[in-house]
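Have a look at the structure below, then the notes.
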Amino acid sequence: MRFITVLILVALTLLHQVSSSTGSTYFHASLSKTMCPMICLDQLPSVIQLINKDERFTILALALQAIGVTEADDVEGPYTFFAPNDAAFNAVPRDVVEHFSDPKNVEELGALLAYHVIPEKAMTAAQIQALSLPTQLKTLIDDSVTVSRDNNQIKVNDATVIASDIIAKNGIIHVIDKVLIPKAKTD
């Protein structure tokens, strides 16, 4: 396990060096081919596989399953997933949970989950911190989240990133402490 941790740290360092030298503010899938002699990102689990195996994401895994997303459906990437942990889901008001739990609202649940995904960019915490913050990042549903910094902590709308840089072959997961609700749902 320690060996894998070291390999991931090496990959993150290389990722940061490559993105800094190219001026890129996001990880591109082609970089995995460049780093492959040292660590093959293609051999890592996918984002959905990691979510399904991580005890922090049991509710998120169930929600993804409810909308029909399986490990076989996982997007190629790269993408950044701001993933609410179970405590975040447990803090959602009961009436909102009941609404999204109703099978007739599966499309709305899908949109809610897609609001947590930044497509075409797998950004590490360091890359997010290096952005000119606050900034808007476009989500999978073509709406934006506001990413900012508060005392060196990354904020996504009103959620805080509490664990970062969970590397998958097709993206990066950052654990957040609140479920992000698209603006249309709060109006």
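In the structure tokens, the first chain shown is A, the next is B, and so on; residue numbers restart at 1 for each chain, and ligands run from 1 in the order shown.
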- [ ] Run DSSP on the backbone of this structure and report the residues of region 73-139 of chain A it assigns to alpha helix (DSSP H), as a ChimeraX atom specification.
- [x] /A:86-90,94-101,106-114,125-130
- [ ] Can you pull out every residue within 8 Å of Pro182 (chain A), counting only C-alpha atoms, but drop anything in the same chain fewer than 6 positions away, and send it as a list of chain:residue names?
- [x]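 In the requested format, the answer is A:Leu112, A:Tyr115, A:Asp143.
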Task: Test item: residues at most 6 Å from region 157-171 of chain A, only C-alpha atoms, excluding those fewer than 6 positions along its chain, as a ChimeraX atom specification - done: /A:41-42,44-47,76-80,122,124,145-146,177-178
Based on the selection just made, write N, CA, C and O atoms of those residues as a PDB file, in the first residue's frame.
```pdb
ATOM      1  N   LEU A  41      -1.716   5.470 -15.309  1.00  0.00           N
ATOM      2  CA  LEU A  41      -3.010   5.878 -14.784  1.00  0.00           C
ATOM      3  C   LEU A  41      -4.107   4.957 -15.284  1.00  0.00           C
ATOM      4  O   LEU A  41      -5.098   4.743 -14.603  1.00  0.00           O
ATOM      5  N   ASP A  42      -3.903   4.391 -16.481  1.00  0.00           N
ATOM      6  CA  ASP A  42      -4.900   3.481 -17.041  1.00  0.00           C
ATOM      7  C   ASP A  42      -5.098   2.246 -16.168  1.00  0.00           C
ATOM      8  O   ASP A  42      -6.103   1.566 -16.279  1.00  0.00           O
ATOM      9  N   LEU A  44      -5.179   2.346 -12.853  1.00  0.00           N
ATOM     10  CA  LEU A  44      -5.891   2.728 -11.643  1.00  0.00           C
ATOM     11  C   LEU A  44      -7.385   2.459 -11.825  1.00  0.00           C
ATOM     12  O   LEU A  44      -7.884   2.389 -12.947  1.00  0.00           O
ATOM     13  N   PRO A  45      -8.130   2.358 -10.727  1.00  0.00           N
ATOM     14  CA  PRO A  45      -9.592   2.218 -10.855  1.00  0.00           C
ATOM     15  C   PRO A  45     -10.194   3.496 -11.434  1.00  0.00           C
ATOM     16  O   PRO A  45      -9.602   4.572 -11.368  1.00  0.00           O
ATOM     17  N   SER A  46     -11.396   3.383 -11.975  1.00  0.00           N
ATOM     18  CA  SER A  46     -12.100   4.551 -12.497  1.00  0.00           C
ATOM     19  C   SER A  46     -12.738   5.322 -11.342  1.00  0.00           C
ATOM     20  O   SER A  46     -12.796   4.840 -10.202  1.00  0.00           O
ATOM     21  N   VAL A  47     -13.226   6.512 -11.636  1.00  0.00           N
ATOM     22  CA  VAL A  47     -13.901   7.328 -10.630  1.00  0.00           C
ATOM     23  C   VAL A  47     -15.065   6.551 -10.008  1.00  0.00           C
ATOM     24  O   VAL A  47     -15.194   6.488  -8.783  1.00  0.00           O
ATOM     25  N   GLU A  76     -15.052   8.311 -19.993  1.00  0.00           N
ATOM     26  CA  GLU A  76     -13.624   8.169 -20.247  1.00  0.00           C
ATOM     27  C   GLU A  76     -12.817   9.251 -19.524  1.00  0.00           C
ATOM     28  O   GLU A  76     -11.752   9.013 -19.003  1.00  0.00           O
ATOM     29  N   GLY A  77     -13.298  10.456 -19.523  1.00  0.00           N
ATOM     30  CA  GLY A  77     -12.598  11.527 -18.831  1.00  0.00           C
ATOM     31  C   GLY A  77     -11.710  12.310 -19.769  1.00  0.00           C
ATOM     32  O   GLY A  77     -11.762  12.117 -20.978  1.00  0.00           O
ATOM     33  N   PRO A  78     -10.921  13.174 -19.226  1.00  0.00           N
ATOM     34  CA  PRO A  78     -10.746  13.421 -17.798  1.00  0.00           C
ATOM     35  C   PRO A  78     -11.869  14.301 -17.238  1.00  0.00           C
ATOM     36  O   PRO A  78     -12.489  15.069 -17.953  1.00  0.00           O
ATOM     37  N   TYR A  79     -12.108  14.151 -15.932  1.00  0.00           N
ATOM     38  CA  TYR A  79     -13.055  15.029 -15.268  1.00  0.00           C
ATOM     39  C   TYR A  79     -12.751  15.125 -13.781  1.00  0.00           C
ATOM     40  O   TYR A  79     -12.020  14.318 -13.226  1.00  0.00           O
ATOM     41  N   THR A  80     -13.290  16.177 -13.180  1.00  0.00           N
ATOM     42  CA  THR A  80     -13.148  16.414 -11.752  1.00  0.00           C
ATOM     43  C   THR A  80     -14.513  16.187 -11.127  1.00  0.00           C
ATOM     44  O   THR A  80     -15.517  16.728 -11.606  1.00  0.00           O
ATOM     45  N   ALA A 122      -9.310  17.257 -15.214  1.00  0.00           N
ATOM     46  CA  ALA A 122      -9.046  16.543 -13.966  1.00  0.00           C
ATOM     47  C   ALA A 122      -8.058  17.416 -13.200  1.00  0.00           C
ATOM     48  O   ALA A 122      -6.866  17.406 -13.475  1.00  0.00           O
ATOM     49  N   THR A 124      -6.127  18.820  -9.859  1.00  0.00           N
ATOM     50  CA  THR A 124      -5.697  18.556  -8.501  1.00  0.00           C
ATOM     51  C   THR A 124      -6.026  19.755  -7.631  1.00  0.00           C
ATOM     52  O   THR A 124      -6.325  20.843  -8.140  1.00  0.00           O
ATOM     53  N   VAL A 145     -20.351  26.199 -11.118  1.00  0.00           N
ATOM     54  CA  VAL A 145     -20.141  26.287  -9.680  1.00  0.00           C
ATOM     55  C   VAL A 145     -19.087  27.362  -9.448  1.00  0.00           C
ATOM     56  O   VAL A 145     -18.255  27.624 -10.312  1.00  0.00           O
ATOM     57  N   THR A 146     -19.162  27.994  -8.298  1.00  0.00           N
ATOM     58  CA  THR A 146     -18.160  28.986  -7.927  1.00  0.00           C
ATOM     59  C   THR A 146     -17.125  28.311  -7.049  1.00  0.00           C
ATOM     60  O   THR A 146     -17.450  27.744  -6.007  1.00  0.00           O
ATOM     61  N   ASP A 177     -18.150  18.540   1.778  1.00  0.00           N
ATOM     62  CA  ASP A 177     -18.969  18.348   2.978  1.00  0.00           C
ATOM     63  C   ASP A 177     -20.434  18.742   2.815  1.00  0.00           C
ATOM     64  O   ASP A 177     -21.198  18.693   3.774  1.00  0.00           O
ATOM     65  N   LYS A 178     -20.834  19.144   1.595  1.00  0.00           N
ATOM     66  CA  LYS A 178     -22.238  19.495   1.333  1.00  0.00           C
ATOM     67  C   LYS A 178     -22.615  19.030  -0.061  1.00  0.00           C
ATOM     68  O   LYS A 178     -21.773  18.979  -0.955  1.00  0.00           O
TER      69      LYS A 178
END
```
- [ ] Name all residues at most 8 Å from Pro84 (chain A) (count only C-alpha atoms; drop same-chain ones fewer than 5 positions away) and give them as a PyMOL selection string.
- [x] chain A and resi 57+60+89+175-179
Would you save the residues from that selection as a PDB file, in the first residue's frame, using all heavy atoms?
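Result file is selection.pdb:
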```pdb
ATOM      1  N   PHE A  57     -18.675   7.116   0.564  1.00  0.00           N
ATOM      2  CA  PHE A  57     -19.589   7.440  -0.534  1.00  0.00           C
ATOM      3  C   PHE A  57     -20.711   6.423  -0.723  1.00  0.00           C
ATOM      4  O   PHE A  57     -21.179   6.231  -1.847  1.00  0.00           O
ATOM      5  CB  PHE A  57     -18.807   7.552  -1.849  1.00  0.00           C
ATOM      6  CG  PHE A  57     -17.693   8.560  -1.841  1.00  0.00           C
ATOM      7  CD1 PHE A  57     -16.402   8.179  -2.168  1.00  0.00           C
ATOM      8  CD2 PHE A  57     -17.923   9.882  -1.508  1.00  0.00           C
ATOM      9  CE1 PHE A  57     -15.361   9.104  -2.184  1.00  0.00           C
ATOM     10  CE2 PHE A  57     -16.898  10.817  -1.513  1.00  0.00           C
ATOM     11  CZ  PHE A  57     -15.616  10.418  -1.849  1.00  0.00           C
ATOM     12  N   LEU A  60     -23.782   8.254  -2.181  1.00  0.00           N
ATOM     13  CA  LEU A  60     -23.482   8.694  -3.544  1.00  0.00           C
ATOM     14  C   LEU A  60     -23.501   7.495  -4.495  1.00  0.00           C
ATOM     15  O   LEU A  60     -24.062   7.579  -5.593  1.00  0.00           O
ATOM     16  CB  LEU A  60     -22.126   9.403  -3.595  1.00  0.00           C
ATOM     17  CG  LEU A  60     -21.640   9.865  -4.969  1.00  0.00           C
ATOM     18  CD1 LEU A  60     -22.636  10.805  -5.627  1.00  0.00           C
ATOM     19  CD2 LEU A  60     -20.267  10.524  -4.845  1.00  0.00           C
ATOM     20  N   PHE A  89     -24.800  14.103   2.452  1.00  0.00           N
ATOM     21  CA  PHE A  89     -26.139  13.667   2.059  1.00  0.00           C
ATOM     22  C   PHE A  89     -27.073  13.601   3.263  1.00  0.00           C
ATOM     23  O   PHE A  89     -28.251  13.952   3.164  1.00  0.00           O
ATOM     24  CB  PHE A  89     -26.098  12.300   1.361  1.00  0.00           C
ATOM     25  CG  PHE A  89     -25.738  12.396  -0.097  1.00  0.00           C
ATOM     26  CD1 PHE A  89     -24.458  12.092  -0.525  1.00  0.00           C
ATOM     27  CD2 PHE A  89     -26.675  12.784  -1.038  1.00  0.00           C
ATOM     28  CE1 PHE A  89     -24.118  12.167  -1.867  1.00  0.00           C
ATOM     29  CE2 PHE A  89     -26.356  12.871  -2.385  1.00  0.00           C
ATOM     30  CZ  PHE A  89     -25.062  12.559  -2.802  1.00  0.00           C
ATOM     31  N   VAL A 175     -13.457  15.256  -2.083  1.00  0.00           N
ATOM     32  CA  VAL A 175     -14.573  15.015  -1.168  1.00  0.00           C
ATOM     33  C   VAL A 175     -15.056  16.363  -0.640  1.00  0.00           C
ATOM     34  O   VAL A 175     -14.245  17.180  -0.169  1.00  0.00           O
ATOM     35  CB  VAL A 175     -14.146  14.119   0.012  1.00  0.00           C
ATOM     36  CG1 VAL A 175     -15.343  13.809   0.910  1.00  0.00           C
ATOM     37  CG2 VAL A 175     -13.496  12.831  -0.491  1.00  0.00           C
ATOM     38  N   ILE A 176     -16.373  16.589  -0.711  1.00  0.00           N
ATOM     39  CA  ILE A 176     -16.940  17.834  -0.188  1.00  0.00           C
ATOM     40  C   ILE A 176     -17.936  17.530   0.929  1.00  0.00           C
ATOM     41  O   ILE A 176     -18.483  16.429   1.008  1.00  0.00           O
ATOM     42  CB  ILE A 176     -17.598  18.685  -1.302  1.00  0.00           C
ATOM     43  CG1 ILE A 176     -18.677  17.907  -2.051  1.00  0.00           C
ATOM     44  CG2 ILE A 176     -16.529  19.218  -2.254  1.00  0.00           C
ATOM     45  CD1 ILE A 176     -19.436  18.736  -3.087  1.00  0.00           C
ATOM     46  N   ASP A 177     -18.150  18.540   1.778  1.00  0.00           N
ATOM     47  CA  ASP A 177     -18.969  18.348   2.978  1.00  0.00           C
ATOM     48  C   ASP A 177     -20.434  18.742   2.815  1.00  0.00           C
ATOM     49  O   ASP A 177     -21.198  18.693   3.774  1.00  0.00           O
ATOM     50  CB  ASP A 177     -18.354  19.086   4.164  1.00  0.00           C
ATOM     51  CG  ASP A 177     -18.347  20.596   4.004  1.00  0.00           C
ATOM     52  OD1 ASP A 177     -18.676  21.103   2.901  1.00  0.00           O
ATOM     53  OD2 ASP A 177     -18.008  21.281   4.984  1.00  0.00           O
ATOM     54  N   LYS A 178     -20.834  19.144   1.595  1.00  0.00           N
ATOM     55  CA  LYS A 178     -22.238  19.495   1.333  1.00  0.00           C
ATOM     56  C   LYS A 178     -22.615  19.030  -0.061  1.00  0.00           C
ATOM     57  O   LYS A 178     -21.773  18.979  -0.955  1.00  0.00           O
ATOM     58  CB  LYS A 178     -22.463  21.010   1.419  1.00  0.00           C
ATOM     59  CG  LYS A 178     -22.317  21.570   2.809  1.00  0.00           C
ATOM     60  CD  LYS A 178     -22.647  23.037   2.843  1.00  0.00           C
ATOM     61  CE  LYS A 178     -22.480  23.542   4.280  1.00  0.00           C
ATOM     62  NZ  LYS A 178     -22.620  24.976   4.363  1.00  0.00           N
ATOM     63  N   VAL A 179     -23.875  18.732  -0.235  1.00  0.00           N
ATOM     64  CA  VAL A 179     -24.399  18.424  -1.560  1.00  0.00           C
ATOM     65  C   VAL A 179     -24.623  19.746  -2.277  1.00  0.00           C
ATOM     66  O   VAL A 179     -25.236  20.666  -1.729  1.00  0.00           O
ATOM     67  CB  VAL A 179     -25.713  17.617  -1.470  1.00  0.00           C
ATOM     68  CG1 VAL A 179     -26.308  17.388  -2.851  1.00  0.00           C
ATOM     69  CG2 VAL A 179     -25.480  16.287  -0.752  1.00  0.00           C
TER      70      VAL A 179
END
```
- [ ] Tell me, as a list in words, which residues lie within 9 Å of Pro134 (chain A), counting only C-alpha atoms; anything in the same chain fewer than 6 positions away does not count.
- [x] Thr146, Val147, Ser148 and Arg149 of chain A
Open item on the list: When you count only C-alpha atoms, which of these residues is closest to Lys53 (chain A): A:Glu71, A:Ser101, A:Asp142, A:Leu131?
Closed with: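 For Lys53 (chain A), the nearest of the candidates is A:Glu71.
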Task: Nearest residue to Pro93 (chain A) from the set A:Asn105, A:Lys121, A:Ile181, A:Ile141 (distances using only C-alpha atoms) - done: A:Ile181
Task: d(CA of Ile154 (chain A), CA of Asn90 (chain A)) in Å - done: 21.4 Å
Task: Point-to-point distance in Å for CA of Leu140 (chain A) and CA of Ala88 (chain A) - done: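 About the pair CA of Ala88 (chain A) and CA of Leu140 (chain A): they are 20.4 Å apart.
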Open item on the list: For region 63-70 of chain A, find every residue with an atom within 6 Å (counting only C-alpha atoms), except residues of its own chain fewer than 2 positions away, and show them as a PyMOL selection string.
Closed with: chain A and resi 60-61+72-73+106+110
- [ ] One decimal, Å: what's the distance from CA of Val97 (chain A) over to CA of Gln136 (chain A), could you say?
- [x] 26.7 Å
